[in-house]
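model39.cif follows (mmCIF, C-alpha atoms):
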data_target
loop_
_atom_site.label_atom_id
_atom_site.label_comp_id
_atom_site.auth_asym_id
_atom_site.auth_seq_id
_atom_site.Cartn_x
_atom_site.Cartn_y
_atom_site.Cartn_z
CA MET A 1 0.00 0.00 0.00
CA VAL A 2 1.26 3.49 -0.88
CA SER A 3 1.51 5.77 2.13
CA ASN A 4 0.17 9.32 2.16
CA GLU A 5 3.71 10.67 2.14
CA GLN A 6 4.70 8.53 -0.86
CA ARG A 7 1.55 9.61 -2.69
CA ARG A 8 2.29 13.26 -1.94
CA ARG A 9 5.83 12.90 -3.30
CA GLN A 10 4.55 11.13 -6.42
CA LEU A 11 2.05 13.91 -7.13
CA ALA A 12 4.71 16.56 -6.56
CA ARG A 13 7.08 14.77 -8.95
CA GLU A 14 4.38 14.48 -11.64
CA LYS A 15 3.53 18.16 -11.24
CA PHE A 16 7.20 19.09 -11.63
CA GLU A 17 7.50 16.94 -14.77
CA ARG A 18 4.44 18.61 -16.29
CA GLN A 19 5.90 22.04 -15.58
CA GLN A 20 9.20 21.03 -17.19
CA GLN A 21 7.36 19.77 -20.28
CA ARG A 22 5.42 23.03 -20.58
CA ARG A 23 8.60 25.09 -20.21
CA GLU A 24 10.42 23.01 -22.81
CA GLU A 25 7.51 23.40 -25.24
CA ALA A 26 7.54 27.17 -24.66
CA ARG A 27 11.28 27.25 -25.35
CA ARG A 28 10.79 25.25 -28.57
CA LYS A 29 8.09 27.65 -29.74
CA ALA A 30 10.31 30.63 -28.95
CA ARG A 31 13.20 29.10 -30.89
CA ARG A 32 10.94 28.45 -33.89
CA ARG A 33 9.54 31.99 -33.75
CA ASN A 34 12.99 33.55 -33.50
CA ALA A 35 14.24 31.43 -36.38
CA VAL A 36 11.38 32.65 -38.56
CA ILE A 37 12.04 36.28 -37.65
CA ALA A 38 15.77 35.94 -38.30
CA ALA A 39 15.23 34.25 -41.62
CA GLY A 40 12.93 36.98 -42.90
CA LEU A 41 11.34 36.72 -46.29
CA ALA A 42 13.68 35.75 -49.13
CA VAL A 43 12.60 37.15 -52.48
CA VAL A 44 14.32 36.01 -55.64
CA VAL A 45 14.35 38.56 -58.45
CA ALA A 46 14.84 37.83 -62.14
CA ALA A 47 17.96 37.40 -64.28
CA GLY A 48 20.47 36.84 -61.55
CA ALA A 49 19.63 40.06 -59.73
CA THR A 50 20.37 40.40 -56.03
CA ALA A 51 18.00 38.68 -53.59
CA TYR A 52 16.04 40.90 -51.26
CA ALA A 53 13.75 40.30 -48.30
CA THR A 54 10.27 41.74 -48.09
CA GLY A 55 9.64 40.39 -44.60
CA ALA A 56 11.30 41.25 -41.33
CA LEU A 57 14.77 42.80 -41.39
CA SER A 58 17.11 41.84 -38.59
CA GLY A 59 18.81 44.58 -36.64
CA ASP A 60 22.03 42.63 -37.22
CA ASP A 61 21.81 42.83 -41.01
CA LYS A 62 24.84 44.77 -42.27
CA LYS A 63 26.08 45.35 -45.81
CA ASP A 64 29.69 44.55 -46.66
CA LYS A 65 31.47 47.81 -47.52
CA THR A 66 34.78 46.14 -48.48
CA ASP A 67 34.00 44.26 -51.68
CA ALA A 68 36.96 43.37 -53.93
CA ALA A 69 38.11 46.15 -56.25
CA ALA A 70 36.77 46.15 -59.79
CA PRO A 71 39.14 45.05 -62.60
CA GLY A 72 41.66 47.73 -63.42
CA THR A 73 41.21 49.64 -60.20
CA SER A 74 43.36 49.82 -57.12
CA LYS A 75 40.78 50.30 -54.39
CA ALA A 76 37.42 48.91 -53.37
CA PRO A 77 34.28 50.87 -54.21
CA THR A 78 32.73 52.87 -51.42
CA ALA A 79 29.08 53.44 -50.57
CA PRO A 80 27.62 56.74 -51.82
CA SER A 81 27.57 59.60 -49.37
CA LYS A 82 24.28 60.42 -47.73
CA GLY A 83 22.59 63.46 -49.24
CA PRO A 84 20.37 66.00 -47.53
CA ASP A 85 17.25 64.72 -45.81
CA PRO A 86 14.24 65.83 -47.89
CA CYS A 87 11.75 65.31 -45.05
CA ALA A 88 10.60 67.30 -42.05
CA LYS A 89 11.23 66.50 -38.40
CA PRO A 90 8.84 63.96 -36.84
CA ALA A 91 6.01 65.11 -34.60
CA PRO A 92 6.66 64.60 -30.88
CA GLY A 93 5.72 61.17 -29.61
CA SER A 94 6.84 57.57 -29.32
CA PRO A 95 5.71 54.37 -31.07
CA ALA A 96 3.17 52.14 -29.36
CA THR A 97 4.27 49.07 -27.44
CA LYS A 98 0.90 47.37 -26.98
CA THR A 99 0.25 43.98 -28.59
CA TRP A 100 -2.79 41.71 -28.82
CA LYS A 101 -3.17 37.94 -28.55
CA SER A 102 -5.60 37.51 -31.43
CA GLU A 103 -6.83 39.16 -34.60
CA PRO A 104 -9.51 41.81 -33.90
CA GLU A 105 -13.13 40.91 -34.49
CA MET A 106 -14.54 41.96 -37.83
CA GLY A 107 -15.63 45.56 -37.46
CA ILE A 108 -15.77 46.84 -41.03
CA ASP A 109 -18.42 46.66 -43.71
CA LYS A 110 -16.95 44.47 -46.44
CA SER A 111 -19.17 46.12 -49.05
CA ALA A 112 -18.08 49.67 -48.14
CA ALA A 113 -15.16 51.72 -49.45
CA TYR A 114 -12.34 52.59 -47.04
CA ALA A 115 -9.37 54.91 -47.34
CA MET A 116 -6.18 55.15 -45.32
CA ASP A 117 -4.10 58.30 -44.92
CA LEU A 118 -0.52 58.05 -43.72
CA LYS A 119 0.60 61.52 -42.67
CA THR A 120 4.37 61.18 -42.87
CA THR A 121 7.29 63.52 -42.38
CA CYS A 122 7.82 63.38 -46.16
CA GLY A 123 4.21 64.04 -47.16
CA THR A 124 0.87 62.26 -47.19
CA ILE A 125 0.51 58.74 -48.58
CA ASP A 126 -3.13 58.23 -49.52
CA VAL A 127 -4.39 54.68 -50.03
CA LYS A 128 -7.67 53.26 -51.30
CA LEU A 129 -8.24 50.05 -49.35
CA ASP A 130 -9.78 46.88 -50.83
CA ALA A 131 -12.16 45.74 -48.10
CA ALA A 132 -14.10 43.45 -50.44
CA ASN A 133 -11.11 41.28 -51.38
CA ALA A 134 -8.91 41.66 -48.28
CA PRO A 135 -11.39 42.11 -45.41
CA HIS A 136 -9.20 40.64 -42.65
CA THR A 137 -6.27 42.86 -43.61
CA VAL A 138 -8.34 46.04 -43.97
CA ASN A 139 -10.16 45.28 -40.72
CA SER A 140 -6.80 44.89 -38.96
CA PHE A 141 -5.51 48.20 -40.32
CA ASN A 142 -8.73 49.91 -39.30
CA PHE A 143 -8.28 48.53 -35.78
CA LEU A 144 -4.56 49.28 -35.47
CA ALA A 145 -4.91 52.81 -36.86
CA GLY A 146 -7.69 53.46 -34.35
CA GLU A 147 -5.36 52.30 -31.58
CA GLY A 148 -2.61 54.69 -32.75
CA TYR A 149 -0.40 51.69 -33.44
CA PHE A 150 1.26 53.18 -36.55
CA ASP A 151 1.72 56.69 -35.14
CA HIS A 152 5.36 57.80 -34.69
CA THR A 153 6.72 54.67 -36.43
CA LYS A 154 9.62 54.73 -38.88
CA CYS A 155 9.47 53.26 -42.35
CA HIS A 156 12.58 51.18 -41.84
CA ARG A 157 13.44 49.81 -45.26
CA LEU A 158 13.86 51.02 -48.84
CA THR A 159 14.80 48.83 -51.80
CA THR A 160 16.03 50.56 -54.95
CA ALA A 161 17.20 47.70 -57.19
CA GLY A 162 15.44 44.55 -58.38
CA ILE A 163 12.33 45.38 -56.38
CA TYR A 164 11.19 48.89 -55.52
CA VAL A 165 9.37 49.18 -52.23
CA LEU A 166 9.25 51.15 -49.01
CA GLN A 167 8.51 48.99 -45.98
CA CYS A 168 6.72 50.34 -42.90
CA GLY A 169 4.50 49.25 -40.03
CA ASP A 170 6.97 48.15 -37.37
CA PRO A 171 6.91 50.14 -34.11
CA LYS A 172 10.37 48.75 -33.30
CA GLY A 173 11.78 50.18 -36.53
CA THR A 174 13.94 47.10 -37.06
CA GLY A 175 11.73 44.80 -39.13
CA SER A 176 11.12 42.41 -36.24
CA GLY A 177 8.03 43.97 -34.66
CA GLY A 178 4.36 43.08 -34.96
CA PRO A 179 0.97 43.38 -33.29
CA GLY A 180 1.11 39.98 -31.56
CA TYR A 181 -1.26 38.24 -33.98
CA THR A 182 -1.05 37.12 -37.60
CA LEU A 183 -3.45 37.46 -40.52
CA PRO A 184 -4.60 35.04 -43.21
CA ASP A 185 -3.32 35.59 -46.74
CA GLU A 186 -5.91 37.23 -48.97
CA ASN A 187 -6.43 38.37 -52.56
CA LEU A 188 -3.42 36.47 -53.92
CA LYS A 189 -5.21 35.86 -57.22
CA ASP A 190 -5.77 39.57 -57.85
CA SER A 191 -5.82 40.16 -61.59
CA LYS A 192 -3.43 43.10 -61.15
CA LEU A 193 -0.63 40.68 -60.19
CA LYS A 194 0.16 39.66 -63.74
CA GLY A 195 3.38 37.82 -64.58
CA ASN A 196 4.53 37.73 -60.95
CA VAL A 197 4.78 41.52 -60.84
CA TYR A 198 3.38 43.81 -58.16
CA PRO A 199 2.60 46.99 -60.10
CA ALA A 200 3.56 50.47 -58.98
CA GLY A 201 0.93 51.88 -56.64
CA THR A 202 0.27 48.60 -54.81
CA ILE A 203 0.24 48.33 -51.02
CA ALA A 204 0.76 44.78 -49.76
CA MET A 205 1.56 42.85 -46.59
CA ALA A 206 5.04 41.72 -45.67
CA ASN A 207 5.36 38.26 -44.13
CA THR A 208 7.94 35.75 -42.94
CA GLY A 209 7.90 33.66 -46.10
CA GLN A 210 5.37 31.22 -44.64
CA PRO A 211 1.62 31.27 -45.36
CA HIS A 212 -0.64 33.37 -43.15
CA THR A 213 2.13 35.20 -41.27
CA GLY A 214 1.29 38.82 -42.04
CA GLY A 215 1.13 41.13 -39.03
CA SER A 216 1.41 44.92 -39.19
CA GLN A 217 4.32 45.39 -41.60
CA PHE A 218 3.45 46.41 -45.13
CA PHE A 219 5.24 47.60 -48.24
CA LEU A 220 4.45 50.35 -50.71
CA VAL A 221 5.44 49.67 -54.32
CA TYR A 222 6.70 52.80 -56.09
CA GLN A 223 7.84 51.01 -59.27
CA ASP A 224 6.79 47.70 -60.87
CA SER A 225 8.47 44.94 -58.83
CA PRO A 226 8.91 41.23 -59.73
CA LEU A 227 7.59 39.25 -56.78
CA PRO A 228 5.74 35.95 -56.42
CA PRO A 229 2.06 36.40 -55.54
CA THR A 230 2.44 35.46 -51.89
CA TYR A 231 1.96 38.88 -50.26
CA THR A 232 -1.60 40.08 -49.67
CA PRO A 233 -2.34 43.14 -51.86
CA PHE A 234 -4.93 45.19 -50.02
CA GLY A 235 -5.09 48.60 -51.65
CA THR A 236 -3.94 51.15 -54.21
CA ILE A 237 -1.79 54.20 -53.53
CA GLY A 238 -3.13 57.54 -54.76
CA ALA A 239 -1.39 60.23 -56.84
CA GLU A 240 -0.27 62.26 -53.81
CA GLY A 241 1.10 59.14 -52.19
CA MET A 242 3.12 58.22 -55.29
CA LYS A 243 4.69 61.71 -55.31
CA THR A 244 5.68 61.24 -51.67
CA LEU A 245 7.17 57.82 -52.42
CA LYS A 246 9.16 59.24 -55.35
CA LYS A 247 10.69 61.85 -53.03
CA ILE A 248 11.69 59.11 -50.59
CA ALA A 249 13.03 56.80 -53.30
CA ASP A 250 15.01 59.60 -54.99
CA ALA A 251 16.84 60.20 -51.69
CA GLY A 252 18.04 56.57 -51.82
CA GLU A 253 19.57 54.45 -49.10
CA PRO A 254 23.11 54.78 -47.70
CA SER A 255 24.62 51.36 -48.40
CA GLY A 256 24.69 51.64 -52.17
CA ALA A 257 23.54 48.01 -52.35
CA GLY A 258 19.92 48.88 -53.07
CA ASP A 259 18.49 47.62 -49.78
CA GLY A 260 18.64 49.43 -46.46
CA ALA A 261 17.17 52.12 -44.26
CA PRO A 262 16.04 55.11 -46.35
CA ASN A 263 18.20 58.23 -46.33
CA ALA A 264 14.99 60.19 -45.87
CA THR A 265 13.70 60.22 -42.30
CA VAL A 266 10.33 58.64 -43.04
CA VAL A 267 8.13 58.63 -39.95
CA ILE A 268 4.36 58.10 -39.92
CA ASP A 269 3.18 60.94 -37.69
CA LYS A 270 -0.45 59.83 -37.90
CA ALA A 271 -2.34 56.99 -39.62
CA THR A 272 -6.10 57.06 -40.09
CA VAL A 273 -8.59 54.70 -41.73
CA ALA A 274 -12.13 55.78 -42.56
CA LYS A 275 -15.04 54.99 -44.81
CA SER A 276 -14.69 56.98 -48.03
#
Represent the supplied structure as structure tokens.
Amino acid sequence: MVSNEQRRRQLAREKFERQQQRREEARRKARRRNAVIAAGLAVVVAAGATAYATGALSGDDKKDKTDAAAPGTSKAPTAPSKGPDPCAKPAPGSPATKTWKSEPEMGIDKSAAYAMDLKTTCGTIDVKLDAANAPHTVNSFNFLAGEGYFDHTKCHRLTTAGIYVLQCGDPKGTGSGGPGYTLPDENLKDSKLKGNVYPAGTIAMANTGQPHTGGSQFFLVYQDSPLPPTYTPFGTIGAEGMKTLKKIADAGEPSGAGDGAPNATVVIDKATVAKS
């Protein structure tokens, strides 16, 4: 017969083992999540062009400034100098830190028209949102904008070769941030995505390279960009927004490699979504 003391010890041991199992599972999930974030989203562009990532950028990503010298030269090429910042100073304030455990409940009318305005330090980026074909994504942006989630956030990435996009939507400003939940992929068969090209004027979701991993980060296409149709397109940028993007793109990025933080200080002072 098992004594009360033996039974108590057995129960305590089983409880400890269950706790260890839960902690190990949590550690495994964290390792998987970190691996996904570090890997980012690899995008292969045509004709042997350089590969770029449209998902999360790691804060440890650095471009090599000491490539071998070109034939007939005696020194390695250097990155172009940074020109004057064409944008204004950001409005006072700090990015949000709040996150949520699950996607917000549907709060938009899928049959209605919605517009998003991104008031940035470089000018306004106006966007017509596609609630009918990307309702989860538009609903999320409506929710996050209402929470002030995008306010005071930097657009942390500009690509100027192979693909041509400005990436925004990360309060951390590093490419690793998100709202705490993920969104389903939507509208991937949009007729505008012909020949694996996202046309200029498209706004689409960044992701980790795996299905249904969009969060809050998005990219704005300022020139036709060859990309596989795996990133939810959820709206069209207006004429004013394209002028703002051209200003940002013309300022370039400092590495000279065509992929890095924009030279322009692009900060979203205020983001709003409303029925139009």
One-decimal distance in Å that lies between atom CA of A:Asp130 and atom CA of A:Phe234: 5.2 Å
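Residues captured in this structure file are Asn196, Val197, Ser225 and Leu227 of chain A, according to the PyMOL selection byres ((chain A and resi 226) around 6).
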Answer key for the PyMOL selection byres ((chain A and resi 179) around 8), residues as a count of residues only: 10
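Of note, atom CA of A:Gly256 and atom CA of A:Ala200 are spaced 22.2 Å apart.
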Write out as CSV the residues of stretch 151-240 of chain A that have any atom within 10 Å of an atom of stretch 84-90 of chain A, one row each with the nearest atom pair and its distance in Å to one decimal, counting only C-alpha atoms, sorted by chain and then rising number.
residue,atom,partner,partner_atom,distance
A:His152,CA,A:Pro90,CA,7.4
A:Thr153,CA,A:Pro90,CA,9.5
A:Lys154,CA,A:Pro90,CA,9.5
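The nearest approach to A:Leu193 among the residues A:Gly241, A:Pro229, A:Pro92, A:Gly258, with all atoms listed in the file taken into account, belongs to A:Pro229.
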Exercise: A:Cys168 partners within 8 Å, all atoms listed in the file, chain neighbours under 6 positions left out, as an NGL selection string: :A and (153-157 or 217-219)
Hits from the PyMOL selection byres ((chain A and resi 137) around 9), listed as a VMD selection string: chain A and resid 130 to 131 134 to 136 138 to 142 183 to 186 205 214 to 215 232 234
Test item: residues at most 8 Å from stretch 109-117 of chain A, only C-alpha atoms, excluding those fewer than 2 positions along its chain, as a ChimeraX atom specification: /A:107,119,124-132,135,271-276
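In this structure, atom CA of A:Leu166 sits 5.2 Å away from atom CA of A:Leu220.
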Contacts of A:Gln167 within 12 Å, only C-alpha atoms, excl. fewer than 5 positions in-chain, as a ChimeraX atom specification: /A:53-57,153-160,173-175,203-207,216-222,245,248-249,259-262,266-268
Selection to disk with C-alpha atoms, as a PDB file, keeping the file's coordinate frame:
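Final output, result.pdb:
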ATOM      1  CA  ALA A  53      13.750  40.300 -48.300  1.00  0.00           C
ATOM      2  CA  THR A  54      10.270  41.740 -48.090  1.00  0.00           C
ATOM      3  CA  GLY A  55       9.640  40.390 -44.600  1.00  0.00           C
ATOM      4  CA  ALA A  56      11.300  41.250 -41.330  1.00  0.00           C
ATOM      5  CA  LEU A  57      14.770  42.800 -41.390  1.00  0.00           C
ATOM      6  CA  THR A 153       6.720  54.670 -36.430  1.00  0.00           C
ATOM      7  CA  LYS A 154       9.620  54.730 -38.880  1.00  0.00           C
ATOM      8  CA  CYS A 155       9.470  53.260 -42.350  1.00  0.00           C
ATOM      9  CA  HIS A 156      12.580  51.180 -41.840  1.00  0.00           C
ATOM     10  CA  ARG A 157      13.440  49.810 -45.260  1.00  0.00           C
ATOM     11  CA  LEU A 158      13.860  51.020 -48.840  1.00  0.00           C
ATOM     12  CA  THR A 159      14.800  48.830 -51.800  1.00  0.00           C
ATOM     13  CA  THR A 160      16.030  50.560 -54.950  1.00  0.00           C
ATOM     14  CA  GLY A 173      11.780  50.180 -36.530  1.00  0.00           C
ATOM     15  CA  THR A 174      13.940  47.100 -37.060  1.00  0.00           C
ATOM     16  CA  GLY A 175      11.730  44.800 -39.130  1.00  0.00           C
ATOM     17  CA  ILE A 203       0.240  48.330 -51.020  1.00  0.00           C
ATOM     18  CA  ALA A 204       0.760  44.780 -49.760  1.00  0.00           C
ATOM     19  CA  MET A 205       1.560  42.850 -46.590  1.00  0.00           C
ATOM     20  CA  ALA A 206       5.040  41.720 -45.670  1.00  0.00           C
ATOM     21  CA  ASN A 207       5.360  38.260 -44.130  1.00  0.00           C
ATOM     22  CA  SER A 216       1.410  44.920 -39.190  1.00  0.00           C
ATOM     23  CA  GLN A 217       4.320  45.390 -41.600  1.00  0.00           C
ATOM     24  CA  PHE A 218       3.450  46.410 -45.130  1.00  0.00           C
ATOM     25  CA  PHE A 219       5.240  47.600 -48.240  1.00  0.00           C
ATOM     26  CA  LEU A 220       4.450  50.350 -50.710  1.00  0.00           C
ATOM     27  CA  VAL A 221       5.440  49.670 -54.320  1.00  0.00           C
ATOM     28  CA  TYR A 222       6.700  52.800 -56.090  1.00  0.00           C
ATOM     29  CA  LEU A 245       7.170  57.820 -52.420  1.00  0.00           C
ATOM     30  CA  ILE A 248      11.690  59.110 -50.590  1.00  0.00           C
ATOM     31  CA  ALA A 249      13.030  56.800 -53.300  1.00  0.00           C
ATOM     32  CA  ASP A 259      18.490  47.620 -49.780  1.00  0.00           C
ATOM     33  CA  GLY A 260      18.640  49.430 -46.460  1.00  0.00           C
ATOM     34  CA  ALA A 261      17.170  52.120 -44.260  1.00  0.00           C
ATOM     35  CA  PRO A 262      16.040  55.110 -46.350  1.00  0.00           C
ATOM     36  CA  VAL A 266      10.330  58.640 -43.040  1.00  0.00           C
ATOM     37  CA  VAL A 267       8.130  58.630 -39.950  1.00  0.00           C
ATOM     38  CA  ILE A 268       4.360  58.100 -39.920  1.00  0.00           C
TER      39      ILE A 268
END
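Distances here use only C-alpha atoms; by that measure, the residue among A:Ser176, A:Ser255, A:Thr230, A:Thr236 closest to A:Gln210 is A:Thr230.
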